[in-house]
>>> print(open('work.txt').read())   # compact mmCIF, C-alpha atoms
# COMPACT_ATOMS: atom_id res chain seq x y z
CA MET U 7 23.22 -6.85 2.26
CA GLY U 8 20.10 -4.84 1.46
CA GLY U 9 17.06 -6.65 2.14
CA GLN U 10 13.52 -7.81 1.59
CA THR U 11 14.52 -11.44 2.15
CA SER U 12 13.70 -14.19 4.60
CA CYS U 13 16.27 -16.32 6.38
CA LYS U 14 14.18 -19.33 5.25
CA ASP U 15 14.43 -18.48 1.55
CA PRO U 16 16.39 -21.24 -0.28
CA GLU U 17 18.47 -18.68 -2.15
CA ILE U 18 19.56 -17.04 1.10
CA GLN U 19 20.36 -20.41 2.65
CA ALA U 20 22.51 -21.26 -0.35
CA PHE U 21 24.27 -17.91 -0.07
CA GLU U 22 24.98 -18.51 3.63
CA GLU U 23 26.43 -21.94 2.89
CA TYR U 24 28.67 -20.41 0.22
CA LEU U 25 30.12 -17.87 2.65
CA PRO U 26 32.70 -18.95 5.23
CA SER U 27 31.24 -19.28 8.70
CA ASP U 28 33.40 -16.43 9.98
CA VAL U 29 31.81 -13.91 7.57
CA ASP U 30 29.26 -11.74 9.37
CA ILE U 31 25.86 -11.00 7.81
CA VAL U 32 23.94 -7.82 8.63
CA SER U 33 20.87 -6.98 6.55
CA CYS U 34 19.31 -3.55 6.18
CA HIS U 35 16.16 -2.11 4.63
CA SER U 36 15.25 1.57 4.38
CA LEU U 37 11.46 1.70 4.50
CA HIS U 38 10.84 4.46 1.97
CA GLY U 39 11.25 5.18 -1.72
CA PRO U 40 14.33 6.72 -3.35
CA SER U 41 12.83 10.23 -3.59
CA VAL U 42 11.95 10.46 0.14
CA ASP U 43 14.33 12.17 2.57
CA PRO U 44 15.68 9.39 4.85
CA LYS U 45 15.78 11.73 7.87
CA GLY U 46 13.48 10.34 10.54
CA GLN U 47 12.31 7.46 8.33
CA PRO U 48 12.57 3.84 9.55
CA LEU U 49 15.73 1.90 8.74
CA VAL U 50 15.51 -1.78 9.67
CA LEU U 51 18.75 -3.41 10.81
CA ILE U 52 18.90 -7.19 11.12
CA ASN U 53 21.74 -8.89 12.93
CA HIS U 54 21.34 -12.13 11.01
CA ARG U 55 24.76 -13.58 11.75
CA ALA U 56 27.24 -11.05 13.12
CA SER U 57 29.24 -10.15 16.19
CA ASP U 58 28.27 -7.11 18.23
CA GLU U 59 31.40 -5.38 16.99
CA SER U 60 30.51 -5.90 13.33
CA PHE U 61 26.90 -4.90 13.87
CA ASN U 62 27.97 -1.70 15.65
CA LYS U 63 30.26 -0.81 12.73
CA VAL U 64 27.38 -1.19 10.29
CA GLU U 65 25.09 0.91 12.45
CA THR U 66 27.72 3.64 12.74
CA VAL U 67 27.99 3.86 8.95
CA PHE U 68 24.23 4.25 8.56
CA ARG U 69 23.94 7.02 11.16
CA CYS U 70 24.81 9.53 8.44
CA LEU U 71 21.30 9.01 7.01
CA ASN U 72 19.71 10.32 10.23
CA SER U 73 17.10 7.57 9.96
CA LYS U 74 15.24 5.99 12.85
CA HIS U 75 16.83 2.59 13.46
CA VAL U 76 14.49 -0.35 14.02
CA TYR U 77 15.89 -3.72 15.13
CA LEU U 78 14.14 -6.85 13.88
CA SER U 79 14.78 -10.48 13.08
CA ALA U 80 14.49 -11.58 9.44
CA LYS U 81 11.19 -13.31 10.23
CA GLU U 82 9.75 -10.21 11.91
CA HIS U 83 10.92 -8.05 9.02
CA ASP U 84 9.25 -10.27 6.43
CA ARG U 85 5.95 -10.34 8.30
CA ILE U 86 5.82 -6.58 8.88
CA THR U 87 6.95 -5.82 5.33
CA ALA U 88 4.15 -8.06 4.03
CA ASP U 89 1.60 -6.40 6.33
CA THR U 90 2.59 -2.85 5.40
CA GLN U 91 3.77 -3.06 1.79
CA ALA U 92 2.66 -6.17 -0.12
CA VAL U 93 -1.10 -5.56 -0.05
CA THR U 94 -0.70 -1.79 -0.40
CA HIS U 95 1.33 -2.27 -3.58
CA ALA U 96 -1.16 -4.84 -4.88
CA ALA U 97 -3.97 -2.31 -4.50
CA PHE U 98 -2.22 0.37 -6.54
CA LEU U 99 -0.97 -2.11 -9.13
CA SER U 100 -4.57 -3.29 -9.57
CA MET U 101 -5.82 0.28 -9.96
CA GLY U 102 -3.34 0.86 -12.77
CA LYS U 103 -4.35 -2.35 -14.54
CA ALA U 104 -8.04 -1.42 -14.23
CA TRP U 105 -7.62 2.07 -15.68
CA HIS U 106 -5.35 0.68 -18.39
CA ALA U 107 -7.92 -2.01 -19.28
CA ASN U 108 -10.52 0.73 -19.71
CA THR U 109 -7.99 2.91 -21.60
CA GLN U 110 -8.43 5.93 -19.39
CA PHE U 111 -6.21 8.46 -17.69
CA PRO U 112 -8.45 8.84 -14.63
CA TRP U 113 -7.52 12.45 -13.89
CA GLU U 114 -8.80 13.62 -17.29
CA GLY U 115 -12.44 13.08 -16.37
CA ALA U 116 -14.64 14.25 -13.50
CA ARG U 117 -14.89 10.89 -11.73
CA TYR U 118 -11.49 10.81 -10.04
CA VAL U 119 -10.99 14.27 -8.57
CA GLY U 120 -10.58 15.06 -4.87
CA GLY U 121 -8.49 14.12 -1.85
CA ILE U 122 -8.88 10.33 -1.80
CA GLU U 123 -8.78 10.14 -5.59
CA ASN U 124 -5.56 12.18 -5.63
CA VAL U 125 -3.90 9.56 -3.44
CA LYS U 126 -5.06 6.71 -5.66
CA ILE U 127 -3.83 8.32 -8.87
CA ASN U 128 -0.56 9.79 -7.63
CA LEU U 129 0.59 6.69 -5.80
CA MET U 130 -0.45 4.40 -8.65
CA LEU U 131 1.69 6.45 -11.03
CA ARG U 132 4.52 6.58 -8.50
CA ILE U 133 4.64 2.77 -8.38
CA TYR U 134 4.40 2.23 -12.13
CA ALA U 135 7.22 4.74 -12.67
CA GLN U 136 9.60 2.45 -10.73
CA LYS U 137 11.26 -0.85 -11.67
CA TRP U 138 9.02 -3.92 -11.86
CA HIS U 139 11.36 -6.21 -9.93
CA VAL U 140 11.12 -4.13 -6.75
CA TYR U 141 7.44 -4.98 -6.29
CA ALA U 142 7.75 -8.50 -7.68
CA GLY U 143 10.50 -9.26 -5.17
CA LEU U 144 8.52 -7.89 -2.23
CA ALA U 145 5.50 -9.99 -3.19
CA ILE U 146 6.92 -13.23 -4.59
CA LEU U 147 10.11 -13.74 -2.57
CA ASN U 148 8.48 -12.98 0.78
CA PRO U 149 6.49 -16.03 1.94
CA GLU U 150 4.63 -13.83 4.43
CA ALA U 151 3.24 -11.73 1.56
CA HIS U 152 1.47 -14.58 -0.22
CA LYS U 153 -1.43 -14.94 2.18
CA GLN U 154 -1.96 -11.16 2.36
CA ILE U 155 -2.15 -10.71 -1.42
CA ASN U 156 -4.39 -13.77 -1.83
CA GLN U 157 -6.73 -12.48 0.87
CA PHE U 158 -6.84 -9.04 -0.73
CA ALA U 159 -7.96 -10.62 -4.01
CA ARG U 160 -10.56 -12.67 -2.14
CA SER U 161 -11.84 -9.64 -0.21
CA THR U 162 -12.09 -7.59 -3.41
CA THR U 163 -14.00 -10.35 -5.21
CA GLU U 164 -16.43 -11.08 -2.40
CA LEU U 165 -17.25 -7.42 -1.72
CA TYR U 166 -17.74 -6.81 -5.44
CA TYR U 167 -20.14 -9.77 -5.64
CA LEU U 168 -22.17 -8.34 -2.75
CA MET U 169 -22.44 -5.02 -4.60
CA LEU U 170 -23.38 -6.65 -7.89
CA GLU U 171 -26.05 -8.79 -6.27
CA GLY U 172 -27.52 -5.90 -4.29
CA ARG U 173 -27.01 -7.62 -0.93
CA SER U 174 -26.85 -4.37 1.02
CA GLU U 175 -27.38 -5.77 4.52
CA GLU U 176 -24.63 -8.37 4.11
CA LEU U 177 -22.30 -5.76 2.65
CA ARG U 178 -22.94 -3.34 5.49
CA ALA U 179 -22.55 -6.04 8.17
CA ARG U 180 -19.24 -7.24 6.71
CA VAL U 181 -17.74 -3.76 6.26
CA TYR U 182 -18.78 -2.57 9.72
CA ALA U 183 -17.41 -5.76 11.30
CA ALA U 184 -14.09 -5.05 9.56
CA LYS U 185 -14.21 -1.44 10.74
CA GLU U 186 -14.57 -2.46 14.39
CA LYS U 187 -11.88 -5.13 14.14
CA VAL U 188 -9.31 -2.87 12.46
CA PHE U 189 -10.15 0.58 13.82
CA GLY U 190 -11.94 -0.29 17.05
CA ALA U 191 -15.38 0.58 18.38
CA GLU U 192 -16.50 4.20 18.60
CA ASP U 193 -16.08 4.21 22.39
CA SER U 194 -12.66 2.49 22.25
CA PRO U 195 -10.93 3.47 19.00
CA LYS U 196 -7.54 2.07 18.01
CA TRP U 197 -6.59 5.25 16.15
CA ALA U 198 -4.85 8.21 17.76
CA ALA U 199 -6.71 11.23 19.06
CA SER U 200 -5.78 13.15 15.91
CA PRO U 201 -6.08 11.63 12.41
CA LEU U 202 -3.03 10.57 10.44
CA LEU U 203 -3.92 13.02 7.67
CA ARG U 204 -4.63 16.68 8.31
CA GLY U 205 -7.91 17.79 6.76
CA GLY U 206 -7.58 19.25 3.28
CA VAL U 207 -3.88 18.42 2.88
CA LEU U 208 -4.58 16.15 -0.12
CA ASP U 209 -7.04 18.30 -2.07
CA GLN U 210 -4.33 20.53 -3.55
CA PHE U 211 -2.47 17.67 -5.28
CA SER U 212 -4.75 16.86 -8.18
CA LEU U 213 -3.61 16.13 -11.72
CA GLY U 214 -7.07 17.02 -13.00
CA ARG U 215 -9.49 19.84 -12.36
CA ARG U 216 -12.96 19.51 -10.94
CA PRO U 217 -15.45 21.14 -13.33
CA ASP U 218 -17.05 24.30 -11.89
CA HIS U 219 -15.70 23.43 -8.44
CA SER U 220 -18.46 20.86 -8.06
CA PRO U 221 -18.14 18.26 -5.27
CA PRO U 222 -16.42 14.95 -6.14
CA LEU U 223 -18.60 12.18 -7.49
CA PRO U 224 -19.63 9.61 -4.85
CA ASN U 225 -17.46 6.50 -5.06
CA ASN U 226 -17.81 3.11 -3.39
CA HIS U 227 -14.00 3.02 -2.87
CA LEU U 228 -13.86 -0.74 -3.38
CA SER U 229 -10.06 -0.72 -3.06
CA LEU U 230 -10.21 0.78 0.44
CA LEU U 231 -13.09 -1.42 1.58
CA ALA U 232 -11.16 -4.49 0.36
CA MET U 233 -7.99 -3.33 2.10
CA VAL U 234 -9.68 -2.98 5.47
CA ASP U 235 -11.59 -6.26 4.96
CA CYS U 236 -8.29 -7.97 4.17
CA TRP U 237 -6.68 -6.63 7.36
CA SER U 238 -9.73 -7.76 9.31
CA MET U 239 -9.73 -11.29 7.89
CA LEU U 240 -6.01 -11.71 8.65
CA GLY U 241 -6.20 -10.14 12.11
CA ILE U 242 -3.85 -7.31 11.15
CA VAL U 243 -4.03 -4.08 13.13
CA PRO U 244 -2.04 -1.67 10.93
CA TYR U 245 -1.32 0.76 13.79
CA ASP U 246 0.84 -1.95 15.39
CA HIS U 247 3.39 -1.50 12.59
CA MET U 248 3.66 2.30 12.55
CA ILE U 249 7.21 2.25 13.93
CA CYS U 250 8.49 0.67 10.72
CA SER U 251 5.90 1.76 8.17
CA THR U 252 6.66 3.42 4.83
CA PRO U 253 5.35 6.90 3.95
CA LEU U 254 3.20 5.26 1.26
CA PHE U 255 1.63 2.91 3.83
CA ARG U 256 0.97 5.73 6.29
CA LEU U 257 -0.67 7.74 3.53
CA TRP U 258 -2.90 4.83 2.44
CA LEU U 259 -3.78 4.00 6.06
CA GLY U 260 -4.58 7.67 6.65
CA VAL U 261 -6.97 7.66 3.69
CA ALA U 262 -8.63 4.45 4.93
CA GLU U 263 -8.92 5.95 8.39
CA HIS U 264 -10.50 9.08 6.90
CA LEU U 265 -13.07 6.99 5.02
CA PHE U 266 -13.99 4.82 7.99
CA ARG U 267 -14.07 7.48 10.72
CA THR U 268 -15.68 10.44 8.90
CA PRO U 269 -19.39 10.51 9.84
CA GLY U 270 -21.60 9.51 6.94
CA LEU U 271 -18.80 8.86 4.44
CA LEU U 272 -18.68 5.08 4.86
CA ASP U 273 -22.48 4.76 4.60
CA ASP U 274 -22.36 6.81 1.42
CA CYS U 275 -19.77 4.42 -0.04
CA LEU U 276 -21.94 1.41 0.72
CA ARG U 277 -25.00 3.07 -0.80
CA VAL U 278 -23.07 3.89 -3.98
CA GLY U 279 -21.72 0.33 -4.14
CA ILE U 280 -25.28 -1.03 -4.25
CA GLU U 281 -27.22 1.64 -6.15
CA ASP U 282 -24.77 3.42 -8.48
CA ASN U 283 -23.21 1.89 -11.60
CA THR U 284 -20.85 4.80 -12.33
CA PHE U 285 -17.73 2.90 -11.26
CA ARG U 286 -18.94 -0.62 -12.06
CA ARG U 287 -16.71 -1.16 -15.09
CA ASP U 288 -13.63 0.07 -13.25
CA ASP U 289 -14.50 -2.12 -10.25
CA LEU U 290 -14.81 -5.16 -12.51
CA GLN U 291 -11.36 -4.58 -14.00
CA PHE U 292 -9.93 -3.84 -10.55
CA THR U 293 -11.25 -7.19 -9.29
CA ILE U 294 -9.82 -9.04 -12.28
CA ALA U 295 -6.47 -7.31 -11.80
CA ALA U 296 -6.28 -8.11 -8.07
CA CYS U 297 -6.88 -11.79 -8.83
CA GLY U 298 -4.27 -11.68 -11.59
CA TRP U 299 -1.56 -10.31 -9.31
CA ALA U 300 -2.48 -12.88 -6.64
CA GLU U 301 -2.11 -15.70 -9.18
CA CYS U 302 1.34 -14.40 -10.20
CA VAL U 303 2.40 -14.49 -6.57
CA SER U 304 1.01 -17.94 -5.75
CA LEU U 305 2.66 -19.43 -8.86
CA ARG U 306 5.90 -17.43 -8.33
CA GLN U 307 5.68 -16.19 -11.92
CA PHE U 308 8.30 -13.45 -12.24
CA GLU U 309 8.11 -13.30 -16.02
CA THR U 310 4.32 -12.97 -16.04
CA TRP U 311 4.57 -10.27 -13.38
CA ARG U 312 7.14 -8.40 -15.47
CA GLU U 313 4.96 -8.55 -18.59
CA ARG U 314 1.81 -7.44 -16.74
CA PHE U 315 3.71 -4.57 -15.16
CA ALA U 316 5.55 -3.46 -18.31
CA VAL U 317 2.50 -3.15 -20.57
CA THR U 318 0.67 -0.93 -18.07
CA GLN U 319 3.82 1.05 -17.34
CA LYS U 320 4.11 1.81 -21.06
CA PHE U 321 0.49 2.98 -21.16
CA PHE U 322 1.05 5.56 -18.38
CA GLU U 323 4.66 6.43 -19.21
CA PRO U 324 3.92 9.64 -21.19
CA ARG U 325 2.32 11.10 -18.05
CA PHE U 326 4.99 10.15 -15.50
CA LYS U 327 7.01 13.37 -15.42
CA GLY U 328 4.33 15.74 -14.20
CA ALA U 329 2.68 13.10 -12.06
CA ILE U 330 5.86 12.22 -10.18
CA GLU U 331 6.46 15.89 -9.35
CA VAL U 332 2.95 16.22 -7.95
CA GLY U 333 3.27 12.90 -6.09
CA ASN U 334 6.56 13.94 -4.49
CA ALA U 335 5.04 17.25 -3.39
CA MET U 336 2.06 15.40 -1.91
CA MET U 337 4.33 12.99 -0.03
CA LYS U 338 6.41 15.87 1.34
CA ALA U 339 3.31 17.73 2.49
CA VAL U 340 2.07 14.64 4.32
CA LEU U 341 5.45 14.06 5.97
CA ASP U 342 5.64 17.72 7.00
CA SER U 343 2.15 17.42 8.42
CA GLU U 344 3.28 14.46 10.52
CA LEU U 345 6.26 16.43 11.85
CA VAL U 346 3.96 19.29 12.86
CA LYS U 347 1.74 16.88 14.82
CA ASP U 348 4.78 15.28 16.50
>>> encode(input="work.txt", output="structure tokens")
Amino acid sequence: MGGQTSCKDPEIQAFEEYLPSDVDIVSCHSLHGPSVDPKGQPLVLINHRASDESFNKVETVFRCLNSKHVYLSAKEHDRITADTQAVTHAAFLSMGKAWHANTQFPWEGARYVGGIENVKINLMLRIYAQKWHVYAGLAILNPEAHKQINQFARSTTELYYLMLEGRSEELRARVYAAKEKVFGAEDSPKWAASPLLRGGVLDQFSLGRRPDHSPPLPNNHLSLLAMVDCWSMLGIVPYDHMICSTPLFRLWLGVAEHLFRTPGLLDDCLRVGIEDNTFRRDDLQFTIAACGWAECVSLRQFETWRERFAVTQKFFEPRFKGAIEVGNAMMKAVLDSELVKD
């Protein structure tokens, strides 16, 4: 059985009751996308109901992938999958909906060019180029994902309100409290000595071109601020899950780490969020989209999810081919960078 499923899910319980008691159940989940080399990537193996002999046979079969085996219970798997994938996917799905709502291909203008923007655009396109049910299943069928996605929508909304209302001191206090809770204090950081992302590795993977080599436009990066605020509110320390994290999660965490630990960059984001209206329309649509995905999840609305996904997928579809090639190259460069550090 392949699996993003919980042992408490009614459908799984029904399946177990259908099978004879002497049938062994071993679940597996490769924590990466189909275009990523499985070598060295996490492969979760769950001995849900199997003898040691049966489990060893399954593990032997999977050794041909050269993945890094991680052993979890179904409950642990669901919680970690929610922590590392559900909210990350919700962020990129919301970006796509926001750009679609404003009928823009973000890389065609000057606003979304540069390292962090490259990650947003390439990973958004990477997700919308896949099948809708993959992300719906991760979010809706995993009970552990519901609270994460709901909190992400709440964090996005509340931070956006603070920006709109010009409440700079409250915004700064909240974001810096989240920074300390997730990343640690300056004298006792939770991150490693070296950053997850090597400097400059992302700048080369842009779908657009910066006019006259000018610096990127300042951005409040609401999506990243909301992500870290969400982790903070739920008491999630993302570094705790690195052993079974996906390349996409490590990339997004690396970008968040870059924003929060680069001197002056976070303060610049907060200033832009209060004073600059350049991204206000996109932020509004991003907030609406985040709340829309959260409502789909809380109501377990697969059909609504499919329709929301499909219409935005169709909007970006003409641009998938070139974007996926660039996104794959970016992912490979990041993975190679990790190997060099190791």
>>> atom_distance(input="work.txt", atom1="CA of Lys103 (chain U)", atom2="CA of Met233 (chain U)")
17.1 Å
>>> residues_near_point(input="work.txt", point="(8.4, -0.9, 9.8)", cutoff="12 Å", atoms="all atoms listed in the file", output="PyMOL selection string")
chain U and resi 10+34-38+47-51+74-79+82-91+244-256
>>> residues_around(input="work.txt", residues="Arg314 (chain U)", least_positions_apart="2", cutoff="12 Å", atoms="only C-alpha atoms", output="list in words")
Leu99, Ser100, Gly102, Lys103, Ala104, His106, Ala107, Tyr134, Trp138, His139, Ala142, Ala295, Ala296, Gly298, Trp299, Glu301, Cys302, Gln307, Phe308, Glu309, Thr310, Trp311, Arg312, Ala316, Val317, Thr318, Gln319, Lys320 and Phe321 of chain U
>>> atom_distance(input="work.txt", atom1="CA of Ser27 (chain U)", atom2="CA of Lys81 (chain U)")
21.0 Å
>>> closest_residue(input="work.txt", among="U:Ala183, U:Ala97, U:Leu202, U:Val332", to="Ile294 (chain U)", atoms="all atoms listed in the file")
U:Ala97
>>> closest_residue(input="work.txt", among="U:Leu223, U:Leu228, U:Ala339, U:Leu144", to="Thr162 (chain U)", atoms="only C-alpha atoms")
U:Leu228
>>> residues_around(input="work.txt", residues="Asp273 (chain U)", least_positions_apart="4", cutoff="10 Å", atoms="only C-alpha atoms", output="list in words")
Arg178, Val181, Tyr182, Asn226, Leu265, Phe266, Thr268, Pro269, Arg277, Val278 and Gly279 of chain U
>>> closest_atom_pairs(input="work.txt", of="region 255-291 of chain U", to="region 110-121 of chain U", cutoff="9 Å", atoms="only C-alpha atoms", output="tab-separated table")
residue	atom	partner	partner_atom	distance
U:Val261	CA	U:Gly121	CA	8.6
U:Thr284	CA	U:Arg117	CA	8.5
U:Phe285	CA	U:Arg117	CA	8.5
>>> closest_residue(input="work.txt", among="U:Ile52, U:Leu168, U:Val188, U:Ala135", to="Asp30 (chain U)", atoms="all atoms listed in the file")
U:Ile52
>>> closest_residue(input="work.txt", among="U:Thr94, U:Gln157, U:Thr293, U:Asn108", to="Tyr141 (chain U)", atoms="only C-alpha atoms")
U:Thr94
>>> atom_distance(input="work.txt", atom1="CA of Val64 (chain U)", atom2="CA of Asp43 (chain U)")
20.2 Å
>>> residues_around(input="work.txt", residues="Cys297 (chain U)", least_positions_apart="6", cutoff="10 Å", atoms="only C-alpha atoms", output="JSON, numbers by chain")
{"U": [96, 100, 155, 156, 157, 158, 159, 160, 162, 163, 291, 303]}
>>> axis_aligned_box(input="work.txt", around="region 132-140 of chain U", padding_each_side="5 Å", output="AutoDock Vina command-line options")
--center_x 7.9 --center_y 0.2 --center_z -9.7 --size_x 17.0 --size_y 22.8 --size_z 15.9
>>> closest_residue(input="work.txt", among="U:Leu259, U:Val140, U:Ile280, U:Leu71", to="Glu176 (chain U)", atoms="all atoms listed in the file")
U:Ile280
>>> decode(input="work.txt", residues="region 221-247 of chain U", atoms="C-alpha atoms", output="compact mmCIF listing (two decimals), in the first residue's frame")
# COMPACT_ATOMS: atom_id res chain seq x y z
CA PRO U 221 17.63 44.99 -7.96
CA PRO U 222 14.37 43.11 -7.23
CA LEU U 223 11.44 45.16 -6.03
CA PRO U 224 10.97 45.08 -2.24
CA ASN U 225 8.24 42.63 -1.25
CA ASN U 226 6.50 42.05 2.08
CA HIS U 227 6.57 38.27 1.40
CA LEU U 228 3.23 37.73 3.13
CA SER U 229 3.27 34.03 2.24
CA LEU U 230 6.55 33.46 4.10
CA LEU U 231 5.57 35.60 7.08
CA ALA U 232 2.30 33.65 7.35
CA MET U 233 4.11 30.32 7.07
CA VAL U 234 6.45 31.10 9.94
CA ASP U 235 3.60 32.60 11.99
CA CYS U 236 1.60 29.41 11.40
CA TRP U 237 4.49 27.23 12.59
CA SER U 238 4.86 29.47 15.63
CA MET U 239 1.18 29.34 16.58
CA LEU U 240 1.13 25.54 16.30
CA GLY U 241 4.44 25.03 18.10
CA ILE U 242 6.05 23.44 15.05
CA VAL U 243 9.84 23.54 14.75
CA PRO U 244 10.40 22.56 11.11
CA TYR U 245 14.01 21.46 11.68
CA ASP U 246 12.67 18.59 13.82
CA HIS U 247 11.28 16.96 10.67
